[in-house]
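Written out below as structure tokens is the structure these notes cover.
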Amino acid sequence: MSGTSTNSRLICAAIEAMGRSYSPYSHFQVGAALLTGSGKIYQGCNIENAAYTPTNCAERTAFFKAVSEGERDFAAICIVGGKAGKPESYTAPCGVCRQVMMEFCSPRTFRVILALDENHWKEYKLEELLPMGFGPDNLA
Ligand code: THU
């Protein structure tokens with residue numbers, strides 16, 4: 001599934017998920033919407049922790065929800081983020097989240113959509129964000 005209407009659906013889902021962010025320390029709210037090959041969307045938000053390091057990013061929340069439900073085939077992820085839930089610039093996935101994407105997604109085809117709102121978004125392939133990534137194929 002691809003195209004602008006799919007991206008709109010993903011952006012709305014990511015913005016909705018951002019509203020559920022648990023971020024009392026950074027106040028930086030992030031939402032993600034992960035699209036499976038069959039068209040299902042898994043939402044995720046960042047979940048912070050008083051001990052800081054257990055914090056989970058929105059993208060990984062979405063991936064871990066989906067993978068734990070048996071999903072293995074992913075087409076795209078949309079990410080929105082901003083202080084107090086107001087996106088002012090594009091929020092790109094951290095290195096750890098890019099590596100998790102590399103585990104489950106084809107770097108040449110998996111789409112990463114960074115959005116401010118339904119009318120402002122940019123799209124990348126995973127391989128653009130993680131060139132020469134190390135993944136399952138390296139161990140095959
Ligand atoms: N964060 C995400 O959830 N995803 C990103 O792509 C960047 C960072 C979260 C982690 C932390 O809760 C807050 O944003 C500030 O780093």
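Residue names in the structure tokens use chain letters A, B, ... in the order shown, residue numbers from 1 in each chain, and ligand numbers from 1 in the order shown.
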Inset, instruction - From the DSSP assignment of the backbone, select every residue of stretch 63-135 of chain A that is helix (DSSP H, G or I), and format the answer as a PyMOL selection string. - result: chain A and resi 63-68+95-104+126-129
Legend entry - 10 Å shell around ligand 1 using only C-alpha atoms and all ligand atoms, listed as a PyMOL selection string: chain A and resi 18+21-32+44-49+52-61+79-83+90-98+114
Inset, instruction - Using DSSP on the backbone coordinates, identify the residues of chain A assigned to strand (DSSP E); present them as a PyMOL selection string. - result: chain A and resi 28-36+41-45+74-83+111-117+120-125
Legend entry - Selected residue, from A:Thr36, A:Thr4, A:Ala50, A:Asp117, that lies nearest to A:Gly85 when counting only C-alpha atoms: A:Asp117
Legend entry - Non-local contacts of A:Phe110 (6 Å; only C-alpha atoms; under 2 positions in same chain excluded) as JSON, numbers by chain: {"A": [75, 76, 105, 106, 107, 125, 126]}
Include C-alpha atoms and write out the residues we just selected as a PDB file, in the first residue's frame.
ATOM      1  CA  ALA A  75       5.615  -1.290   4.698  1.00  0.00           C
ATOM      2  CA  ALA A  76       6.025   2.106   6.360  1.00  0.00           C
ATOM      3  CA  CYS A 105      12.182  -4.283   7.260  1.00  0.00           C
ATOM      4  CA  SER A 106      13.751  -4.239   3.857  1.00  0.00           C
ATOM      5  CA  PRO A 107      16.020  -1.152   3.811  1.00  0.00           C
ATOM      6  CA  LYS A 125      13.671   4.846   2.497  1.00  0.00           C
ATOM      7  CA  LEU A 126      15.242   3.115   5.479  1.00  0.00           C
TER       8      LEU A 126
END
Tell me, as a PDB file with N, CA, C and O atoms, in the first residue's frame, which residues lie within 10 Å of A:Ser8, counting only C-alpha atoms; anything in the same chain fewer than 6 positions away does not count.
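Written file, around_36.pdb:
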ATOM      1  N   ALA A  14      -0.469   8.752  13.721  1.00  0.00           N
ATOM      2  CA  ALA A  14       0.723   9.119  14.496  1.00  0.00           C
ATOM      3  C   ALA A  14       0.421  10.312  15.410  1.00  0.00           C
ATOM      4  O   ALA A  14       0.852  10.353  16.571  1.00  0.00           O
ATOM      5  N   CYS A  78       5.217   6.218  10.190  1.00  0.00           N
ATOM      6  CA  CYS A  78       5.130   7.679  10.224  1.00  0.00           C
ATOM      7  C   CYS A  78       5.462   8.139  11.641  1.00  0.00           C
ATOM      8  O   CYS A  78       5.027   7.506  12.618  1.00  0.00           O
ATOM      9  N   ALA A 115       6.546  13.692   9.667  1.00  0.00           N
ATOM     10  CA  ALA A 115       5.445  14.623   9.410  1.00  0.00           C
ATOM     11  C   ALA A 115       5.351  15.711  10.471  1.00  0.00           C
ATOM     12  O   ALA A 115       5.733  15.520  11.636  1.00  0.00           O
ATOM     13  N   ASP A 117       2.252  17.734   9.940  1.00  0.00           N
ATOM     14  CA  ASP A 117       0.797  17.614   9.892  1.00  0.00           C
ATOM     15  C   ASP A 117       0.458  16.957   8.561  1.00  0.00           C
ATOM     16  O   ASP A 117       1.360  16.582   7.806  1.00  0.00           O
ATOM     17  N   GLU A 118      -0.830  16.854   8.274  1.00  0.00           N
ATOM     18  CA  GLU A 118      -1.260  16.142   7.063  1.00  0.00           C
ATOM     19  C   GLU A 118      -0.722  16.753   5.769  1.00  0.00           C
ATOM     20  O   GLU A 118      -0.626  16.082   4.749  1.00  0.00           O
ATOM     21  N   ASN A 119      -0.382  18.037   5.810  1.00  0.00           N
ATOM     22  CA  ASN A 119       0.085  18.722   4.599  1.00  0.00           C
ATOM     23  C   ASN A 119       1.590  18.896   4.521  1.00  0.00           C
ATOM     24  O   ASN A 119       2.100  19.370   3.499  1.00  0.00           O
ATOM     25  N   TRP A 121       5.013  16.767   5.090  1.00  0.00           N
ATOM     26  CA  TRP A 121       5.704  15.529   5.418  1.00  0.00           C
ATOM     27  C   TRP A 121       6.805  15.256   4.395  1.00  0.00           C
ATOM     28  O   TRP A 121       6.796  15.802   3.294  1.00  0.00           O
TER      29      TRP A 121
END
Inset, instruction - For A:Tyr42, please output as a PyMOL selection string all residues within 6 Å (counting only C-alpha atoms; exclusion window: fewer than 3 positions along the same chain). - result: chain A and resi 33-34+62
Legend entry - Atom pair atom CA of A:Met102 / atom CA of A:Ala51: separation (Å): 27.3 Å
Legend entry - Which residue of A:Ile77, A:Ile11, A:Ala140, A:Ala17 approaches A:Thr109 most closely, using only C-alpha atoms: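 With only C-alpha atoms as the atom set, the closest residue is A:Ile77.
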